[in-house]
Structure formats: C-alpha cells, structure tokens
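Please read the structure below before turning to the comments.
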Amino acid sequence: MSTILTSTFKNLSTTSKWALRFSVRPLSCSSQLRSAPAVQTKSKKTLAKPNIKNIVVVEGVRIPFLLSGTSYKDLMPHDLARGALSGLLHRSNVPKNVVDYIIFGTVIQEVKTSNVAREAALGAGFSDKTPAHTVTMACISSNQAMTTAVGLIASGQCDVVVAGGVELMSDVPIRHSRKMRKMMLDLNKAKTLSQRLSLLTKFRLNFLSPELPAVAEFSTNETMGHSADRLAAAFAVSRMEQDEYALRSHSLAKKAQDEGHLSDIVPFKVPGKDTVTKDNGIRPSSLEQMAKLKPAFIKPYGTVTAANSSFLTDGASAMLIMSEEKALAMGYKPKAYLRDFIYVSQDPKDQLLLGPTYATPKVLEKAGLTMNDIDAFEFHEAFSGQILANFKAMDSDWFAQNYMGRKTKVGSPPLEKFNIWGGSLSLGHPFGATGCRLVMAAANRLSKDGGQYALVAACAAGGQGHAMIVEAYPK
Amino acid sequence: MVASRAIGSLSRFSAFRILRSRGCICRSFTVSSALLTRTHINYGVKGDVAVVRINSPNSKVNTLNKEVQSEFIEVMNEIWANDQIRSAVLISSKPGCFVAGADINMLASCTTPQEATRISQEGQRIFEKLEKSPKPVVAAISGSCLGGGLELAIACQYRIATKDRKTVLGVPEVLLGLLPGAGGTQRLPKMVGVPAAFDMMLTGRNIRADRAKKMGLVDQLVEPLGPGVKPPEERTIEYLEEVAITFAKGLADRKVSTKPSKGLIDKLTSYAMTIPFVRQQIYKTVEEKVKKQTKGLYPAPLKIIDVVKAGLEQGNDAGYLAESQKFGELALTKESKALMGLYNGQVLCKKNKFGAPQKNVQHLAILGAGLMGAGIAQVSVDKGLKTLLKDTTLTGLSRGQQQVFKGLNDKVKKKALTSFERDSIFSNLIGQLDYKGFEKADMVIEAVFEDLTVKHKVLKEVEGMTPEHCIFASNTSALPINQIASVSKRPEKVIGMHYFSPVDKMQLLEIITTDKTSKDTTASAVAVGLKQGKVIIVVKDGPGFYTTRCLAPMMSEVIRILQEGVDPKKLDALTTGFGFPVGAATLADEVGVDVAQHVAEDLGKAFGERFGGGNVELLKQMVSKGFLGRKSGKGFYIYQEGSKNKSLNSEMDGILVNLRLAAKPEVSSDEDIQYRVIMRFVNEAVLCLQEGILATPAEGDIGAVFGLGFPPCLGGPFRFVDLYGAQKVVDRLRKYESAYGIQFTPCQLLLDHANSSSKKFYQ
C-alpha cells in the first residue's frame, strides 16, 4: 500500500511539473488529486440508474492471441471465432437455447464468411435458431458488438446476447485487379465463343497485378504507422520514451502471464497441431536491443519501429452479456456491469489515433465521474507513440481548449493504474477482437485488485474512438 | 513489484521531461541575447549545432537584401570561428516562407548594369563561402524557397524540406526578366542535371517538395504535423528543426552522406552530359525552343542558356563571371522593368483596399451553369465556399456540374489534390433548378445570357428570394451595371464582377462599381474575388468598363487590317510577334465572333466614330454564315476536334473580298500594322484613366496583361507609354491620325505626358 502511495505522489509531481510552473493552474487538478488517497470516496457509489436495466458481463473469454503466421496460419477466421464461442459455452455452461442473439466484430472480412458471426455460431454448438450478425468499426469492432448487445438488452429486445470479435491476419483477401475482375465478369456473361475470344484479346499483362487490402487510410492515403509517427512528433514524444513504454507493456504482460492473471484465455486446439494455451507475442527485450531497430514508417528519422508498435495478430474473443435480473435468475454471479459508453470521431489525418483523448472526458462526464474515480484503465495500445501522445493531449489545457472545445484538460491517467497486465503492444491486437479483451481485463482487474470503476478506451482507423465505464460487481 | 517497475519507468519519463525543458530554457536565452544585436538573422546553439534563424521583422516573408546578407555573413563568421560548433542548421521562423527571393526593390533601384552586377557578385561571394563551409550547413526549408532563397539553399551542404503544399522551390527570376544571379545558374545544373535545370530556370516554375526530392533538389522530406500541445504550424517548424539538427550532427560525424543515391536513369543522363556533343545538342534544342516561344522579345531566357553554357564549357570562374555580368545587363532592360512592374502591380491587386467587409460571404449562389457560371463555381468551391449553382434546365445544370468535377479531377490527375479532397470539395457544390436556399445567400453572382431583359428578370426574381444584405453581382463583359441595377430595389448592393474565360485559368477579375454601389458591397466583392484567388482591378461603370472598352477599338483595327487584305495568319504572326500570347484573328475566334459583334455594336453606339475603323458588317456576315469562331468549328480558321493544326477558312475569302478596303501604303508596313493595333489599345486605356474609369495606372496594366493578353514584355499600356516615351506614342498616333482620322487622335492625358517629360505614370 505504501509503495502505491509513494508512486502516486511521484507520478503527481512528474505529470504536473510542467503545470506548476504556471502559478495559475495548480489549484484545480493537482490539489484534487492529492486529496484523493488511493481508492476511497468516489463521486458516485454506483452508476446504476433508476428505470434502466443493469447490464452485466457474465463471462468473457478469448483464445490465445498469436503472432500472424504462427499456429493459426492455416485456419479461417470463423475457426478462431468458433474457438472463442465454444470456450465461452464451455466455461459459462449457458444453455444454448437461452442465447437470444450473437454479434461479432471483425475488420478484414474473409469473403466466404462475410457474416462470420453466423458461420462461427453454427459450428460452435449454438442453436441454429439464434440469429447472428457481424459489425465492423476498425479496431473498435468488438466494442461495437458489445455496445450493440447493451442496446438490445437495455431496450428490452433481448436478455442474453453473446458479443465477440475475431481477426485473422495470417490470411487476407487479395483480389484480382479491377480490370481483370471486369473481364472475368464479362466473360461470364458472354454467350458465344467469338464474344469470349474478343474479350480475351483485350487481356493485358498488367491485369494480373493483384490488389492487396488497403493498409492505408482510405480518405488520406496514409498508413496508420505513418500517422502514428507524425502524431508522436506532434506531441514531441521521443523514440526513447516510446521504446520505454513498449518495454513496460511487454514486461507487465510477461508478469501477468507468469502470475496467471490472464484468466480470460481458453485453450485452443489447432487441428493437426498442439493445443495453444498462451499468447506468443509477449517478448520483453532490452532498450539497447530496441534502439537498434530502424524506423518502420518515416524513414530514416522517424520514431515508430516494429518494437514499439502492436504487431499483426490472429485471435478471437467472446463475451456473455445479460440483463442483471436474467443473470441472477439463472444463478450466475456476474463479473461486472457495463455502464456508460461513447463513440467519438475526429480528423482522420492529423488526429487519427487520438480517440481516447476525445472519448475519456466525455464518458466521464456522462457517467458523472472524475479521473480520480477510476481504479483501472484499459486503453488499447496501437503504438507506444499513440498512447504517449494521448497522455500528452489529455494533459494539455491548450489541446483541450483549442481542439476539444473544453475549458480544461481531463488529465492523463496515472501509470500505476494503467494497462498493468500488458496491452495490445505485447498481448497482440487482432483488430476485431481487442475490445472484448479490454473489457475482460478491466473486469478481472477490478475483481482482483478491488477497485470499483474501470475505464476502457480505444482508437480506431477513420479517426474514431470509443470509451466505456466498467463497474465492479459487488462481491 | 508492479509498483516499483512503474516507478522505474516513471522516473525515466520525468528525467526526460526535465532534460527537454531545460534545453528549451537555455535555448531561449541564447536566442534572446542574440536578438538584441541583429534584426533579421540570429542563432542559438544546441549542443554542437548552431541553429541560424531568419526572421525579417514586420514582414510576412523573408527576402534577401543587403542588410540580411551582411547579418548572415556576420553570423556565419561567428559560427566558423566557434570551436564548440561543428555544424549548422539554417531555418526560417516564418511558417510558410523560407526565403522568398531577393528584394526586388533593391534591384529596381539600380541605375547602371555595374551596380546590379555588384549585387550579383556579392551574392555569389557569400554563397561560395557557404558552399565551401568547413562545417556542414543544413537548409531546413518550410514554405516558399524561391529565387535567391533557393540559391541559398543549394549552396548549403544538405537540404530538408517539409512535404507541405506551401513548400515550393523554384527560380522564378526569368519571370522578372532576370536570371538567377547568385550562383544558381552554376549550381543547379550540377545538382539536378542540365535538362531539369534549364526547365526550372527557363520556365520559373514552382516545384513541390516531393517532386524536389525526386529531382535531387532536396535530400530529405519532413511530413507536416497536426496539432500537439501547440499549433500545428509552430510545431512543424520545430520538428523540422529537430530533424535538421539530427542530420547536421550526422553530417558532422560523417554518418550521413551528402551524395544522393542516384538511380540508373540519373547515372545514364549524367554520363551522357559528359559527352560534349550531347551537351551541344541540348543547348541547340533548348535555344531553338526558347526562340520559338519568346520570338526574341524576352532577352533573359537566351542569356540563361549562355551563362549555363559558359559555366559548363569554360569552368566555374567563367560561369560566375558571365552570370553576374548578364545579370547586370538584364536588370536594366526595359523588359525586366516591365515585368517587375507587373509583379508589383500584381501584389497590389491581391490586396483589398476597401477594407474588411461587414459580413463575410459564406453562402454563395451562382445563376447559370454555363461555361462562366460553372467556372466561377469551381474557383469558389475549391476555396471552401458553399456554393449553390442554379440553372433553368437539368441538362444545362449537369453540364456545369460535370465541368466543375472535371476541373477538380484534372487536379487529381496532376496530383495537386487527392481524390478524397476532390470529393469533399465537390460536396460544397449544390446544383439545383429552383431558388431553394437563396434565403441564406450572402452573394448571388449571375452568369446568365448577356441580354438586359434577361438580366432584369433574373435580378427581380433574385431580390424577391434573398435577404436584405445579399449582394447581387453581375458577370457581364459589356452591359453597363447601372442599367442592370435600374430595376433593383437595393442598387447599393448591385455590382459587376467580370470574370474571364476560362475562369479557373485566367487570373483577372474586373470589378465594376456604379455611383450607387456601396463601399461595403465593393469590399465584399473584392474579398470574394481574393478568396477565389483572383488578381483584382476595381473600375467605374461605363460602356465596356475598362477591359472590353480597350479591346473593342483594337479589334476594330484588326478588322480594318483584315479588310485591307492582310491574311489572318499573317496578322496573327504580326501580333504574336509583338508579344500578344494569342494572335488577333485567333483571339476573335476564341472570344466568339457573335460576342465580338455584340460588343462592337454596343460600344459603337456609345462611343461613335472613335470606335469605328473596321466594318461591323464583316462580323455580321460571319455570324449569319455560322462562323462563330472555335465554338462553331469555323471562324477565321477551321477547327477540328482533337487536331491542333488549324487551317484558314476559305469561305471567308468571299466576305473579305466584298468588304475589301484599299490599304494605305504609308501606314501598312508590318511595323505600322503592329503599332496600329497596339496604339488604339493604349490610347483607349489612357483615356480610361483620364475619365476616371480606372483608379490607377497599375490596375490598367494588370487588367490589360492578365485579362486581355497585352504583351507582358511591354508591362501593360501605361508602363509601355513610360518606357517607350509618351512623345513617341503621340507621334505614332498623329501619323495614323493623318491617315485614318479621329480613331487615332491622342487623348488629352497622353498629350500632357508628351508635353512634359517629367510626367510618368510610374514615378
């Protein structure tokens, strides 16, 4: 306890050092922070609202997140999703006929299984009477799946919904070029041999050049890593800071893995191979090793490298969400409440990855909480530079006033409450599946460390963002 | 354990923050102490790198003048003498401008070629020292890097530029009738290769940063940043500086190579350039091309070729000597004076002298989606103005929308826009057939058919739909605005905005005010025009305003010359040989013979015999035969889709024979024909100033050159009178007056100028 306290103070003095130089500011934030000893005195005891259903997470699981091109490489996305779904069925023992609906998030769609939720559910042992749909919203796709579930339950349409997400980056759809596709389609329609032959004479060798799925933002034509590098530069985040943060993520993840905190993982038996039981992207290295890497996007002087970015990952996650009364009626002990949430969006060019900065103050305001009320932060780590830039943006009155239309900054989250079981940088980031992992980590951390509120936040391509409050379920 | 780890990483964080902030503090100290001593250039030291900042006070741009140069050399001497400093970064503190070039006034004030040569030599000397600097100097370029600015940058050992739309590099001296006189003609060919260097120096074109990188003109690019904890522009410059410092250190440690890695093609071309025969061929081709294009009217391009040649063939010393001497010669030429005058006039016409309007125009409506209407819409939407485009028919409207889309899409093809930007710009355009949304319009520009009754009908309809404050602007080339305004309930809100076709290419906008037009209306119209990127002249109302009124007597003379039996092709050659970008007969075809007839008749009525000369009957007969010019495929020439060669329209022979006039041999030499055309233009322009249609000669020159293609090498009618001599102009006019009468009678103001040699339009 005492160590936690001292670290709070240390953290305080560092984050507000800059602010203290201006004698005007320290009144508001730091004094408030100082008067808030570790956990007690919340702004609100609970976020339950009268006449609105309490919505709870009953169970949440994920299959191990693996580096792309490793054990999952020969599978299809619905295989992974099925693994998560059957894991959820197995762990929660929920009777399949009570599940009203299934929603999955995914980003890069396998053309054969474009409604991957349905294909996975059918094979995972759910009832064929349970409808399923797939949503997409870049890196917050499974967040969208969860909040859709929340909406269905809150509006009384459903009682029990499974939400999840899946991504398989080992295989992506690579298409023929538009010209080739056009010719093939025309060939299909051509009736006579001469028509077909005349179409074939139009063939040119460049028709064969394939079309890869876009790695760049469609609106700006800029890759995300490039944007992250510019963002880091805009907030003057150094390479050293980024490497240190990445190292922190890997070290904390390793520790969480070793100590068994990553309890949301269910083993996955890969057909023809061994059973996978743990994430394989956690690789704590040394700063010296990391410093050797060359920048991956802005060459030769950028700061974002392979070591301080999240890596291409395969994985799937799934959650059982219910109304509280239904859960209790079925005899479950829920893990956490899902409370207020918000989606934000901003300039996809220069603020592509600042979603958490925009979403955090809004969701806190909505819930009537302050930063001090939050006991656990689970933010999606796309890039070290992105996380650190978000910290600086959240800690800047100037940014709040000039870009967010707010009077003051919200403040950056204290590190000792922040992603302490690792994050996307180390655990991996299967785009469509990360949201559920964040919420489960938040819920598990609250029940393990005894806090009450957790804040989940993430950025997404398209310049969008999301944040949600998770409240601990009383013991 | 977790906590201790967290503390560990935290303490590292904090150490970093403190370190960085300390760096900031000491930097600002050194800078501020240096600030006390120098006005334009200061430097601070970061580690072992000197950061030299150029920031001329009270100006949006940095220019090179004597003061700047001497401060620069002072600073560099200190840097070279300081053992603590191992390298330097050269950067501007102004966002949007590195160095915009040499100070034009400094050149304009030279009275002898020797004086200008000395300026060039001084520049050469400084940049040579810089080039031979024992400590590497990195130019960190953000914003315009032009003329002397680029010569400065290429004398440095390394260049880093922001990849920003505002960052452009170029040597535009040729556009001022000069050559790059501070070593540019010698360094550029070595840096980017002879062909590319010729292209840059002879066209004066601006090169964007990414292109410059490909050419080898800059070594590294820096992406512009978005907002951080300070404004994007500020942080971008800071970042550029940080990156430049890393490279400066790398250069000092010899970890960074100054030699750009060359591709196979580059290697081949540079090898080819070592063969004397190849070089000679290049000089020859370029020279021929230049001669063909300038028709010998512009001396600068040929001198540029000579100077480059001198350097490559006879060595550096000869090159530098030739550069400074030819620079001196060019600076004192009439052409250079004329072009510099135009430059100054253009700067003047890019300002709103009527002040800020009370209400900014945010909602613009345009009536008529024809060529003009759609053109106006295009230049409005791409500046972010929400624009309603109304037409009466769906076909007319979609043609107009397509024109706007094509205009934007062409920019995408040239990579000036991304397809996403195109789409988002295009969404500013709302096409419609009714008056929906006009209740919010701040300004309506009508570009409907040129007919007073149509204009009246439209004006009344619009005034019924728009709010009180809405301005009604008429895009007409000849109808007097007060006649259009006569049916208006709010004549103070009526103004003329005369755009030139094609609107997205022609820079000029002629704004016409009536006696009743309020000053705020004018201010608003000018503000909109400036936003659309136009060069603006504001003139008083009257038949033909300024531009059309000058064009009419000139065209009348052109018709007379044709009637006198001069072949249209020959006439075209004579007029382009005098400096007009388009031949006179071709111009008639481009404008449209029916339009020309319309204008000739209208203005003929208003001004009487003075506007006579050629017979309007010629135009009438052409119109009746359907020879409307390019738009109908036939005029003086025959036009074929897709073919650039045009042949004479032989059916014109009959018309011309019927209306044949006897040529007067005493005024029909080639030179006389050229001067007859130009003199009627000039005389009418001066009369416009005399009558107060024009407010200033500068506006007259800008209008003539940018709207009507008056020879730029003459600098416009007023500059022409000053440089050619008012007396000589009057003498010419008198000569033609005795042959043709009143049409050539010099106006009073011209006579005044002829009578007193001290009277000049430009002092």
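Residue names in the structure tokens use chain letters A, B, ... in the order shown, residue numbers from 1 in each chain, and ligand numbers from 1 in the order shown.
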
- Item | helix (DSSP H, G or I) per DSSP on the backbone: members of stretch 192-221 of chain A, as a ChimeraX atom specification | /A:193-201,205-208

Per residue of stretch 123-242 of chain A within 10 Å of stretch 282-297 of chain A, what are the shortest atom pair and its distance in Å to one decimal, counting only C-alpha atoms, with rows by chain and residue number, as a Markdown table?
| residue | atom | partner | partner_atom | distance |
| --- | --- | --- | --- | --- |
| A:Thr223 | CA | A:Phe297 | CA | 8.3 |
| A:Met224 | CA | A:Phe297 | CA | 9.1 |
| A:Gly225 | CA | A:Phe297 | CA | 6.0 |
| A:His226 | CA | A:Phe297 | CA | 5.2 |
| A:Ser227 | CA | A:Phe297 | CA | 8.9 |
| A:Ala228 | CA | A:Phe297 | CA | 9.1 |
| A:Asp229 | CA | A:Phe297 | CA | 7.4 |
| A:Arg230 | CA | A:Phe297 | CA | 9.8 |
| A:Arg239 | CA | A:Ala291 | CA | 8.3 |
| A:Met240 | CA | A:Ala291 | CA | 7.8 |

- Selection near B:Gly370, 10 Å with only C-alpha atoms, sequence-local residues under 4 positions removed, as a ChimeraX atom specification: /B:374-376,391,396-401,403,447-449

- Task: Compile the contact shell of B:Glu329 as number ranges by chain: residues with an atom at most 8 Å away, counting only C-alpha atoms, same-chain residues fewer than 6 positions apart removed.
- Result: B: 113, 116-117

- Item | Point-to-point distance in Å for atom CA of B:Phe545 and atom CA of B:Pro480 |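 Atom-to-atom, atom CA of B:Pro480 to atom CA of B:Phe545, that is 7.6 Å.
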
- Top pick for closest residue to B:Gly529, considering B:Lys664, B:Lys262, B:Arg187, B:Lys383 and counting only C-alpha atoms: B:Lys383

- For B:Ala663, work out the shell of residues within 10 Å, counting only C-alpha atoms and skipping chain neighbours fewer than 3 positions away, then give it as a ChimeraX atom specification. /B:560-566,660,666-668

- atom CA of B:Ala525 and atom CA of B:Lys359 are how many Å apart?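 One can read the atom CA of B:Ala525 to atom CA of B:Lys359 distance as 11.1 Å.
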
- Non-local contacts of stretch 148-162 of chain B (7 Å; only C-alpha atoms; under 4 positions in same chain excluded) as a VMD selection string: chain B and resid 64 99 to 102 127 130 to 131 136 to 142 167 169 to 171 182 to 184 209 218 to 224 244 258

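Comparing the minimum interatomic distances between B:Leu240 and each of B:Leu178, B:Phe627, B:Met372, B:Leu90, counting only C-alpha atoms, we find that B:Leu90 sits nearest.
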
May I have a table of the residues of stretch 291-334 of chain A lying at most 10 Å from stretch 94-98 of chain A, giving each one's closest pair of atoms and their distance in Å to one decimal, counting only C-alpha atoms, ordered by chain and ascending residue number, as JSON lines?
{"residue": "A:Leu320", "atom": "CA", "partner": "A:Val94", "partner_atom": "CA", "distance": 8.8}
{"residue": "A:Met330", "atom": "CA", "partner": "A:Val94", "partner_atom": "CA", "distance": 9.0}
{"residue": "A:Tyr332", "atom": "CA", "partner": "A:Val94", "partner_atom": "CA", "distance": 9.5}

Residues just named, written with N, CA and C atoms as a PDB file, in the first residue's frame:
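Final file, again33.pdb:
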ATOM      1  N   LEU A 320     -20.320 -13.128 -22.710  1.00  0.00           N
ATOM      2  CA  LEU A 320     -21.737 -13.396 -22.460  1.00  0.00           C
ATOM      3  C   LEU A 320     -22.303 -12.215 -21.693  1.00  0.00           C
ATOM      4  N   MET A 330     -30.786 -16.859 -13.491  1.00  0.00           N
ATOM      5  CA  MET A 330     -30.173 -18.107 -13.951  1.00  0.00           C
ATOM      6  C   MET A 330     -29.110 -18.598 -12.980  1.00  0.00           C
ATOM      7  N   TYR A 332     -26.306 -16.964 -12.040  1.00  0.00           N
ATOM      8  CA  TYR A 332     -24.935 -16.560 -12.311  1.00  0.00           C
ATOM      9  C   TYR A 332     -24.461 -15.536 -11.320  1.00  0.00           C
TER      10      TYR A 332
END

- Please identify all polymer residues within 12 Å of B:Glu691, counting only C-alpha atoms, omitting same-chain residues fewer than 4 positions from it, and present them as a PyMOL selection string. chain B and resi 539-542+545-546+684-687+695-696+747-749

Using only C-alpha atoms, find each residue of stretch 416-474 of chain A with at least one atom at most 12 Å away from an atom of stretch 60-81 of chain A; report its shortest atom-to-atom pair and that distance in Å (one decimal), sort the rows by chain and rising residue number, and return the result as CSV.
residue,atom,partner,partner_atom,distance
A:Gly423,CA,A:Phe65,CA,11.6
A:Ser424,CA,A:Phe65,CA,9.9
A:Leu425,CA,A:Leu67,CA,11.5
A:Ser426,CA,A:Phe65,CA,10.0
A:Leu427,CA,A:Phe65,CA,6.7
A:Gly428,CA,A:Phe65,CA,6.0
A:His429,CA,A:Phe65,CA,7.6
A:Pro430,CA,A:Phe65,CA,7.3
A:Phe431,CA,A:Phe65,CA,11.0
A:Gly432,CA,A:Ala81,CA,10.5
A:Ala433,CA,A:Arg62,CA,8.4
A:Thr434,CA,A:Arg62,CA,9.6
A:Gly435,CA,A:Arg62,CA,11.0
A:Cys436,CA,A:Gly60,CA,7.6
A:Arg437,CA,A:Arg62,CA,7.1
A:Leu438,CA,A:Gly60,CA,10.6
A:Val439,CA,A:Gly60,CA,8.7
A:Met440,CA,A:Gly60,CA,6.1
A:Ala441,CA,A:Gly60,CA,9.5
A:Ala442,CA,A:Gly60,CA,11.2
A:Ala443,CA,A:Gly60,CA,9.5
A:Asn444,CA,A:Gly60,CA,9.7

Using N, CA, C and O atoms, can you write the selected residues to a file as a short mmCIF file (atom, residue, chain, number, x, y, z; two decimals), in the first residue's frame?
data_model
loop_
_atom_site.label_atom_id
_atom_site.label_comp_id
_atom_site.auth_asym_id
_atom_site.auth_seq_id
_atom_site.Cartn_x
_atom_site.Cartn_y
_atom_site.Cartn_z
N GLY A 423 -0.70 -4.78 -22.67
CA GLY A 423 -1.69 -4.21 -23.58
C GLY A 423 -1.49 -4.73 -24.98
O GLY A 423 -0.77 -5.71 -25.20
N SER A 424 -2.11 -4.06 -25.94
CA SER A 424 -2.07 -4.55 -27.32
C SER A 424 -0.65 -4.65 -27.86
O SER A 424 -0.36 -5.46 -28.73
N LEU A 425 0.25 -3.79 -27.34
CA LEU A 425 1.63 -3.82 -27.82
C LEU A 425 2.28 -5.17 -27.54
O LEU A 425 3.10 -5.66 -28.31
N SER A 426 1.91 -5.77 -26.41
CA SER A 426 2.57 -7.00 -26.00
C SER A 426 1.67 -8.23 -26.16
O SER A 426 2.12 -9.29 -26.60
N LEU A 427 0.39 -8.06 -25.82
CA LEU A 427 -0.52 -9.21 -25.90
C LEU A 427 -0.94 -9.47 -27.34
O LEU A 427 -1.33 -10.57 -27.69
N GLY A 428 -0.87 -8.41 -28.16
CA GLY A 428 -1.29 -8.55 -29.54
C GLY A 428 -2.59 -7.82 -29.79
O GLY A 428 -3.30 -7.45 -28.85
N HIS A 429 -2.86 -7.61 -31.06
CA HIS A 429 -4.03 -6.81 -31.40
C HIS A 429 -4.72 -7.38 -32.64
O HIS A 429 -4.53 -6.92 -33.74
N PRO A 430 -5.53 -8.47 -32.42
CA PRO A 430 -6.38 -8.90 -33.53
C PRO A 430 -7.52 -7.88 -33.62
O PRO A 430 -8.38 -7.84 -32.74
N PHE A 431 -7.47 -7.03 -34.66
CA PHE A 431 -8.32 -5.82 -34.71
C PHE A 431 -9.71 -6.01 -34.13
O PHE A 431 -10.12 -5.30 -33.22
N GLY A 432 -10.43 -6.99 -34.71
CA GLY A 432 -11.84 -7.14 -34.33
C GLY A 432 -12.04 -7.68 -32.94
O GLY A 432 -13.14 -7.62 -32.40
N ALA A 433 -11.01 -8.24 -32.30
CA ALA A 433 -11.20 -8.95 -31.04
C ALA A 433 -10.71 -8.19 -29.82
O ALA A 433 -10.95 -8.60 -28.68
N THR A 434 -10.01 -7.08 -30.05
CA THR A 434 -9.36 -6.40 -28.93
C THR A 434 -10.33 -5.81 -27.91
O THR A 434 -10.10 -5.84 -26.71
N GLY A 435 -11.45 -5.27 -28.39
CA GLY A 435 -12.40 -4.60 -27.50
C GLY A 435 -12.85 -5.48 -26.34
O GLY A 435 -12.85 -5.06 -25.18
N CYS A 436 -13.19 -6.73 -26.63
CA CYS A 436 -13.64 -7.63 -25.58
C CYS A 436 -12.51 -7.95 -24.61
O CYS A 436 -12.73 -8.08 -23.41
N ARG A 437 -11.29 -8.05 -25.16
CA ARG A 437 -10.15 -8.31 -24.27
C ARG A 437 -10.00 -7.17 -23.27
O ARG A 437 -9.77 -7.40 -22.08
N LEU A 438 -10.15 -5.91 -23.77
CA LEU A 438 -10.00 -4.75 -22.88
C LEU A 438 -11.03 -4.79 -21.76
O LEU A 438 -10.70 -4.60 -20.59
N VAL A 439 -12.28 -5.09 -22.11
CA VAL A 439 -13.33 -5.08 -21.10
C VAL A 439 -13.12 -6.21 -20.10
O VAL A 439 -13.28 -6.03 -18.89
N MET A 440 -12.71 -7.40 -20.58
CA MET A 440 -12.49 -8.50 -19.65
C MET A 440 -11.30 -8.23 -18.73
O MET A 440 -11.34 -8.53 -17.54
N ALA A 441 -10.25 -7.60 -19.30
CA ALA A 441 -9.10 -7.27 -18.46
C ALA A 441 -9.54 -6.27 -17.39
O ALA A 441 -9.18 -6.40 -16.21
N ALA A 442 -10.37 -5.30 -17.78
CA ALA A 442 -10.85 -4.30 -16.82
C ALA A 442 -11.65 -4.98 -15.72
O ALA A 442 -11.43 -4.74 -14.52
N ALA A 443 -12.59 -5.86 -16.12
CA ALA A 443 -13.45 -6.52 -15.14
C ALA A 443 -12.61 -7.40 -14.21
O ALA A 443 -12.80 -7.37 -12.98
N ASN A 444 -11.68 -8.16 -14.78
CA ASN A 444 -10.87 -9.05 -13.97
C ASN A 444 -9.95 -8.27 -13.03
O ASN A 444 -9.70 -8.70 -11.90
#
